[in-house]
Amino acid sequence: MFFEVHLDLLQAAVEANLSRTAWTGFAPITPPDSRQADEFVGAYAGAVLQLSDLSTSTITADEVSPYTGKPLNVSYSAPTAHEALAGAARVAADLRDAGVQRRVGVCLEALHRIHQRGPEFAAVTSHTTGQSLSMACSGSGTNALDRGLEAVAMAWAAMNRVPSEVTWQQTFGKTPVTLRKRFRPRPLGTALVIACASFPAWNAYPAILANLATGNPVLVKPHPRSILATALAVSIIRDVLSETGLPADSVQLLVDTAESPVAGDLATNPATRIVDFTGSQRFGNWLERNVSNALIFTETAGVNTVILDSVQNLAATMRTLAGGLSLFSGQMCTTPQNIYIPDAGVLTPDGVVSRNDVVAALSAAIDDLAGTPRRAAAICGALQSESTLESLNSLANQAETNGTLVRNPVAYAHPEYSKARAVTPLLIRVDPRRGDQLPGGEQFGPVAYLIDCADRDAAVEHATASIRQHGAISSYLYCTDDNAIDDIAAAYADAGASLSANLVSSMPMQYAAAYSDYHVTGLNPAGNATLTDESFVAGRFRMVQDRRQIEG
């Protein structure tokens with residue numbers, strides 16, 4: 001039904017996955033203004049979104065806008081683990097027997113409809129996660145949709161690599177034997193997708209759709225304080241399933257509370273066969289250690305490093321780095337955290353710039369960004385959680401006490417929302433050689449540690465050791481020596497980390513391109529899955545066969 005409508009798009013995405021060149025399947029989304037965004041969100045106040053058929057239980061979620069400070073007051077379906085798994089089991093055969101084309105068609109049509117409602121999705125994303133409206137249109141809009149399409153295209157290609165039927169012949173002794181063989185992809189079983197609070201769509205869309213395309217019923221468990229955008233996506237998928245004659249419960253939404261979580265019980269239930277998780281390293285590690293009944297795909301957190309060795313343009317580099325630290329208030333898994341600056345300073349075409357001057361230039365670049373409210377609002381957005389702000393202020397107080405504070409996490413003046421939980425980056429300068437302590441892992445939010453180090457080689461040694469211990473999702477290098485870049489890239493690859501060198505442009509340094517950039521390597525503690533390589537989709541189904549001898 002929908003497969004033929006979107007076939008050209010699917011084929012183009014398959015080709016983009018192979019070529020790894022720049023391509024997008026979705027036109028840019030125009031951000032709504034703040035008034036329109038408020039209206040979009042306000043339309044759901046008091047609503048009950050029932051997105052699971054076997055349960056009438058609901059929960060009014062603890063969702064509070066990081067911009068207005070007001071509760072969203074939306075209720076959602078809250079089936080028990082037993083009810084949700086029973087619902088998935090009830091529809092499994094219908095979803096499996098629908099066939100690959102029909103399921104892929106559902107995925108493509110759902111992506112199309114989410115894109116059509118892009119401004120609405122941007123509004124609810126902004127008021128649940130704290131993303132700016134522009135980021136919600138791009139990172140959680142077109143780029144997230146592209147990531148979803150990328151996964152669908154990868155799954156489609158993997159399932160169609162094996163022919164559905166062949167005639168096989170071989171001679172045994174003097175007698176030829178002819179067999180007709182049929183091959184069928186079969187799903188692994190019920191899948192659980194656990195989404196994070198700050199950037200759910202970017203990771204949830206690929207997981208939900210890869211599972212659905214390969215025939216696995218999906219239980220979607222959003223973060224209890226960031227639900228509405230994910231719920232609307234699930235609602236659209238359920239509508240498309242119903243229109244295609246498939247059971248809506250092929251995708252269900254489950255909502256819990258922070259006080260009574262259900263993810264652990266769902267993940268460890270033997271009926272759950274696949275778990276996709278994005279979130280804290282603590283829970284991701286727990287899943288990897290304790291869930292033996294399911295295939296686990298995790299993206300958690302790491303310590304992303306920057307090495308400042310030599311640059312062509314120091315001012316441009318500092319602006320890029322200031323933007324990277326400020327983007328979405330440091331709440332992205334690709335945000336840099338540990339920045340290494342050698343004792344000798346940073347080499348530029350005009351000579352060496354001392355470390356103190358580099359630190360001052362970075363702080364000034366952040367101040368410049370923060371001093372332009374509209375620009376700051378578009379880049380920084382707001383903190384999703386009050387606890388992140390409390391943690392940030394505690395770190396700043398500690399740094400001031402021990403003399404390592406460079407820049408306080410001061411608020412910027414949001415031009416639209418006076419109560420926005422708005423903040424700009426905290427900078428702390430440390431020297432491990434004198435006993436200064438670095439955090440034992442990711443420090444969530446807008447905080448960077450400026451690390452004094454002997455030289456470039458020492459920085460590489462320290463950074464790669466950190467990657468092996470804590471993981472990393474994105475790593476950055478500024479160096480004008482091409483031979484050195486090659487050597488450092490090899491060192492990072494040996495540590496299981498990707499590396500970006502000399503990013504200075506209008507492109508945010510954290511940007512990861514669908515169909516081209518592999519996100520998370522699966523080779524360090526930051527996660528075991530990659531968006532999206534073939535292993536991300538291949539394990540979700542298996543091939544079964546039957547063979548029949550043809551006489552004569």
# chains A, B, ... in the order shown; residues from 1 in each chain; ligands from 1
$ select_by_dssp --residues "stretch 47-269 of chain A" --states "strand (DSSP E or B)" --output "PyMOL selection string"
chain A and resi 48-49+58-60+64+71+75-77+165-172+175-187+190-194+218-221+223+226+251-253
$ residues_around --residues "stretch 413-424 of chain A" --least-positions-apart "5" --cutoff "8 Å" --atoms "only C-alpha atoms" --output "PyMOL selection string"
chain A and resi 34+66-69+326+329+366+370+373-374+376-377+380-384+386+446
$ closest_atom_pairs --of "stretch 187-292 of chain A" --to "stretch 460-478 of chain A" --cutoff "12 Å" --atoms "only C-alpha atoms" --output "tab-separated table"
residue	atom	partner	partner_atom	distance
A:Gln281	CA	A:His470	CA	9.3
A:Arg282	CA	A:His470	CA	11.4
A:Asn285	CA	A:His470	CA	11.7
$ write_last_selection --atoms "C-alpha atoms" --output "short mmCIF file (atom, residue, chain, number, x, y, z; two decimals), in the first residue's frame"
data_model
loop_
_atom_site.label_atom_id
_atom_site.label_comp_id
_atom_site.auth_asym_id
_atom_site.auth_seq_id
_atom_site.Cartn_x
_atom_site.Cartn_y
_atom_site.Cartn_z
CA GLN A 281 26.21 4.61 31.48
CA ARG A 282 25.16 3.18 34.84
CA ASN A 285 26.12 -1.22 31.93
#
$ residues_around --residues "A:Thr334" --least-positions-apart "3" --cutoff "9 Å" --atoms "only C-alpha atoms" --output "PyMOL selection string"
chain A and resi 301-302+304+324+330-331+472-475+509-512
$ write_last_selection --atoms "N, CA and C atoms" --output "PDB file, in the first residue's frame"
ATOM      1  N   ALA A 301      27.259   6.998  27.459  1.00  0.00           N
ATOM      2  CA  ALA A 301      27.956   8.270  27.600  1.00  0.00           C
ATOM      3  C   ALA A 301      29.451   8.011  27.616  1.00  0.00           C
ATOM      4  N   GLY A 302      30.204   9.069  27.395  1.00  0.00           N
ATOM      5  CA  GLY A 302      31.651   8.966  27.432  1.00  0.00           C
ATOM      6  C   GLY A 302      32.252  10.316  27.718  1.00  0.00           C
ATOM      7  N   ASN A 304      34.275  12.984  25.981  1.00  0.00           N
ATOM      8  CA  ASN A 304      34.727  13.439  24.674  1.00  0.00           C
ATOM      9  C   ASN A 304      35.867  14.438  24.838  1.00  0.00           C
ATOM     10  N   GLY A 324      30.419  24.606  20.301  1.00  0.00           N
ATOM     11  CA  GLY A 324      30.286  23.189  20.629  1.00  0.00           C
ATOM     12  C   GLY A 324      29.992  22.958  22.099  1.00  0.00           C
ATOM     13  N   GLY A 330      25.258  21.730  26.345  1.00  0.00           N
ATOM     14  CA  GLY A 330      26.127  20.596  26.673  1.00  0.00           C
ATOM     15  C   GLY A 330      25.412  19.296  26.932  1.00  0.00           C
ATOM     16  N   GLN A 331      24.151  19.173  26.515  1.00  0.00           N
ATOM     17  CA  GLN A 331      23.357  17.973  26.829  1.00  0.00           C
ATOM     18  C   GLN A 331      23.318  16.980  25.678  1.00  0.00           C
ATOM     19  N   ALA A 472      34.126   7.138  24.744  1.00  0.00           N
ATOM     20  CA  ALA A 472      33.968   8.423  24.059  1.00  0.00           C
ATOM     21  C   ALA A 472      33.094   8.195  22.844  1.00  0.00           C
ATOM     22  N   ILE A 473      32.275   9.171  22.531  1.00  0.00           N
ATOM     23  CA  ILE A 473      31.412   9.089  21.347  1.00  0.00           C
ATOM     24  C   ILE A 473      31.952   9.969  20.227  1.00  0.00           C
ATOM     25  N   SER A 474      32.475  11.138  20.570  1.00  0.00           N
ATOM     26  CA  SER A 474      33.100  12.017  19.581  1.00  0.00           C
ATOM     27  C   SER A 474      34.402  12.549  20.159  1.00  0.00           C
ATOM     28  N   SER A 475      35.435  12.609  19.326  1.00  0.00           N
ATOM     29  CA  SER A 475      36.738  13.120  19.752  1.00  0.00           C
ATOM     30  C   SER A 475      37.207  14.134  18.724  1.00  0.00           C
ATOM     31  N   MET A 509      30.371  21.420  15.430  1.00  0.00           N
ATOM     32  CA  MET A 509      31.394  20.380  15.523  1.00  0.00           C
ATOM     33  C   MET A 509      30.802  19.028  15.914  1.00  0.00           C
ATOM     34  N   GLN A 510      29.634  19.029  16.579  1.00  0.00           N
ATOM     35  CA  GLN A 510      29.018  17.765  16.992  1.00  0.00           C
ATOM     36  C   GLN A 510      28.195  17.099  15.899  1.00  0.00           C
ATOM     37  N   TYR A 511      27.985  17.777  14.781  1.00  0.00           N
ATOM     38  CA  TYR A 511      27.060  17.272  13.766  1.00  0.00           C
ATOM     39  C   TYR A 511      27.502  15.905  13.238  1.00  0.00           C
ATOM     40  N   ALA A 512      26.567  14.967  13.216  1.00  0.00           N
ATOM     41  CA  ALA A 512      26.808  13.634  12.652  1.00  0.00           C
ATOM     42  C   ALA A 512      25.810  13.420  11.521  1.00  0.00           C
TER      43      ALA A 512
END
$ residues_around --residues "A:Ala344" --least-positions-apart "4" --cutoff "8 Å" --atoms "only C-alpha atoms" --output "number ranges by chain"
A: 352, 354-355, 454-455
$ write_last_selection --atoms "C-alpha atoms" --output "short mmCIF file (atom, residue, chain, number, x, y, z; two decimals), in the first residue's frame"
data_model
loop_
_atom_site.label_atom_id
_atom_site.label_comp_id
_atom_site.auth_asym_id
_atom_site.auth_seq_id
_atom_site.Cartn_x
_atom_site.Cartn_y
_atom_site.Cartn_z
CA VAL A 352 52.71 30.48 19.58
CA SER A 354 50.30 30.94 25.42
CA ARG A 355 48.00 28.60 27.28
CA ALA A 454 53.17 18.58 28.73
CA ASP A 455 52.73 18.36 24.97
#
$ residues_around --residues "A:Leu133" --least-positions-apart "2" --cutoff "6 Å" --atoms "only C-alpha atoms" --output "JSON, numbers by chain"
{"A": [31, 122, 126, 135, 136]}
$ write_last_selection --atoms "all heavy atoms" --output "short mmCIF file (atom, residue, chain, number, x, y, z; two decimals), in the first residue's frame"
data_model
loop_
_atom_site.label_atom_id
_atom_site.label_comp_id
_atom_site.auth_asym_id
_atom_site.auth_seq_id
_atom_site.Cartn_x
_atom_site.Cartn_y
_atom_site.Cartn_z
N PRO A 31 10.89 26.45 11.65
CA PRO A 31 10.53 26.50 13.07
C PRO A 31 9.30 27.38 13.31
O PRO A 31 9.17 28.44 12.68
CB PRO A 31 11.77 27.12 13.73
CG PRO A 31 12.87 26.97 12.74
CD PRO A 31 12.23 27.01 11.39
N ALA A 122 8.50 19.92 16.59
CA ALA A 122 9.56 20.80 17.11
C ALA A 122 9.11 21.49 18.39
O ALA A 122 9.87 21.61 19.36
CB ALA A 122 9.95 21.83 16.05
N SER A 126 10.85 20.84 21.96
CA SER A 126 11.49 21.95 22.66
C SER A 126 11.00 22.06 24.10
O SER A 126 11.79 22.22 25.04
CB SER A 126 11.21 23.26 21.90
OG SER A 126 11.83 24.36 22.53
N MET A 135 16.95 23.78 16.78
CA MET A 135 17.55 22.46 16.93
C MET A 135 16.50 21.37 16.86
O MET A 135 16.74 20.29 16.29
CB MET A 135 18.32 22.35 18.24
CG MET A 135 18.80 20.93 18.53
SD MET A 135 19.97 20.81 19.87
CE MET A 135 21.47 21.30 19.03
N ALA A 136 15.32 21.62 17.43
CA ALA A 136 14.25 20.63 17.39
C ALA A 136 13.79 20.38 15.96
O ALA A 136 13.31 19.29 15.64
CB ALA A 136 13.08 21.09 18.26
#
$ select_by_dssp --residues "stretch 350-528 of chain A" --states "alpha helix (DSSP H)" --output "PDB file with C-alpha atoms, in the first residue's frame"
ATOM      1  CA  ARG A 355      47.998  28.599  27.283  1.00  0.00           C
ATOM      2  CA  ASN A 356      46.693  31.430  29.448  1.00  0.00           C
ATOM      3  CA  ASP A 357      45.799  33.433  26.351  1.00  0.00           C
ATOM      4  CA  VAL A 358      44.085  30.416  24.761  1.00  0.00           C
ATOM      5  CA  VAL A 359      42.007  29.927  27.916  1.00  0.00           C
ATOM      6  CA  ALA A 360      41.114  33.630  27.926  1.00  0.00           C
ATOM      7  CA  ALA A 361      40.170  33.506  24.231  1.00  0.00           C
ATOM      8  CA  LEU A 362      37.839  30.548  24.769  1.00  0.00           C
ATOM      9  CA  SER A 363      36.154  32.201  27.743  1.00  0.00           C
ATOM     10  CA  ALA A 364      35.752  35.427  25.745  1.00  0.00           C
ATOM     11  CA  ALA A 365      34.211  33.510  22.808  1.00  0.00           C
ATOM     12  CA  ILE A 366      31.618  32.000  25.157  1.00  0.00           C
ATOM     13  CA  ASP A 367      30.918  35.426  26.667  1.00  0.00           C
ATOM     14  CA  ASP A 368      30.422  36.830  23.186  1.00  0.00           C
ATOM     15  CA  LEU A 369      27.895  34.101  22.347  1.00  0.00           C
ATOM     16  CA  ALA A 370      26.071  34.532  25.654  1.00  0.00           C
ATOM     17  CA  PRO A 373      20.393  36.691  23.542  1.00  0.00           C
ATOM     18  CA  ARG A 374      18.744  35.497  20.328  1.00  0.00           C
ATOM     19  CA  ARG A 375      21.862  33.723  19.189  1.00  0.00           C
ATOM     20  CA  ALA A 376      22.343  32.230  22.653  1.00  0.00           C
ATOM     21  CA  ALA A 377      18.727  31.019  22.696  1.00  0.00           C
ATOM     22  CA  ALA A 378      19.088  29.356  19.301  1.00  0.00           C
ATOM     23  CA  ILE A 379      22.324  27.621  20.311  1.00  0.00           C
ATOM     24  CA  CYS A 380      22.020  26.942  24.042  1.00  0.00           C
ATOM     25  CA  GLU A 386      16.693  21.090  37.354  1.00  0.00           C
ATOM     26  CA  SER A 387      19.113  18.487  38.728  1.00  0.00           C
ATOM     27  CA  THR A 388      21.595  19.312  35.945  1.00  0.00           C
ATOM     28  CA  LEU A 389      21.613  22.951  37.008  1.00  0.00           C
ATOM     29  CA  GLU A 390      22.110  21.971  40.646  1.00  0.00           C
ATOM     30  CA  SER A 391      25.034  19.736  39.704  1.00  0.00           C
ATOM     31  CA  LEU A 392      26.570  22.496  37.603  1.00  0.00           C
ATOM     32  CA  ASN A 393      26.360  25.049  40.409  1.00  0.00           C
ATOM     33  CA  SER A 394      27.872  22.553  42.842  1.00  0.00           C
ATOM     34  CA  LEU A 395      30.832  21.994  40.508  1.00  0.00           C
ATOM     35  CA  ALA A 396      31.311  25.737  40.129  1.00  0.00           C
ATOM     36  CA  ASN A 397      31.345  26.235  43.907  1.00  0.00           C
ATOM     37  CA  GLN A 398      33.907  23.463  44.324  1.00  0.00           C
ATOM     38  CA  ALA A 399      36.101  24.927  41.569  1.00  0.00           C
ATOM     39  CA  GLU A 400      35.940  28.382  43.133  1.00  0.00           C
ATOM     40  CA  THR A 401      36.957  26.918  46.477  1.00  0.00           C
ATOM     41  CA  ASN A 402      39.968  25.041  45.125  1.00  0.00           C
ATOM     42  CA  ARG A 456      50.698  16.830  22.157  1.00  0.00           C
ATOM     43  CA  ASP A 457      51.968  13.313  22.740  1.00  0.00           C
ATOM     44  CA  ALA A 458      51.082  13.477  26.418  1.00  0.00           C
ATOM     45  CA  ALA A 459      47.610  14.707  25.510  1.00  0.00           C
ATOM     46  CA  VAL A 460      47.075  11.803  23.104  1.00  0.00           C
ATOM     47  CA  GLU A 461      48.274   9.306  25.691  1.00  0.00           C
ATOM     48  CA  HIS A 462      46.000  10.718  28.415  1.00  0.00           C
ATOM     49  CA  ALA A 463      42.977  11.083  26.110  1.00  0.00           C
ATOM     50  CA  THR A 464      43.170   7.574  24.668  1.00  0.00           C
ATOM     51  CA  ALA A 465      43.599   6.115  28.162  1.00  0.00           C
ATOM     52  CA  SER A 466      40.450   8.000  29.184  1.00  0.00           C
ATOM     53  CA  ILE A 467      38.598   6.564  26.172  1.00  0.00           C
ATOM     54  CA  ARG A 468      39.547   3.020  27.104  1.00  0.00           C
ATOM     55  CA  GLN A 469      38.386   3.580  30.682  1.00  0.00           C
ATOM     56  CA  HIS A 470      35.323   5.810  30.278  1.00  0.00           C
ATOM     57  CA  ASP A 482      48.861  16.117   8.388  1.00  0.00           C
ATOM     58  CA  ASN A 483      51.299  13.340   9.267  1.00  0.00           C
ATOM     59  CA  ALA A 484      50.645  13.878  12.962  1.00  0.00           C
ATOM     60  CA  ILE A 485      46.883  13.804  12.340  1.00  0.00           C
ATOM     61  CA  ASP A 486      47.226  10.423  10.647  1.00  0.00           C
ATOM     62  CA  ASP A 487      49.203   9.040  13.581  1.00  0.00           C
ATOM     63  CA  ILE A 488      46.784  10.440  16.157  1.00  0.00           C
ATOM     64  CA  ALA A 489      43.751   9.138  14.224  1.00  0.00           C
ATOM     65  CA  ALA A 490      45.358   5.691  14.291  1.00  0.00           C
ATOM     66  CA  ALA A 491      45.914   5.964  18.049  1.00  0.00           C
ATOM     67  CA  TYR A 492      42.274   6.915  18.583  1.00  0.00           C
ATOM     68  CA  ALA A 493      41.137   4.084  16.303  1.00  0.00           C
ATOM     69  CA  ASP A 494      43.214   1.648  18.373  1.00  0.00           C
TER      70      ASP A 494
END
$ residues_around --residues "stretch 145-157 of chain A" --least-positions-apart "2" --cutoff "6 Å" --atoms "only C-alpha atoms" --output "list in words"
Ala13, Val14, Thr142, Asn143, Met159, Asn160, Tyr205, Pro206, Ala210, Ala514, Tyr515 and Val537 of chain A
$ residues_around --residues "A:Leu95" --least-positions-apart "2" --cutoff "12 Å" --atoms "only C-alpha atoms" --output "MDAnalysis selection string"
chainID A and resid 88:93 97:104 106 186:187 189:190 211:218 241:242 244:251
$ closest_residue --among "A:Glu109, A:Asp276, A:Asp256, A:Asp94" --to "A:Ala233" --atoms "only C-alpha atoms"
A:Glu109
$ atom_distance --atom1 "atom CA of A:Ser235" --atom2 "atom CA of A:Ser260"
24.1 Å
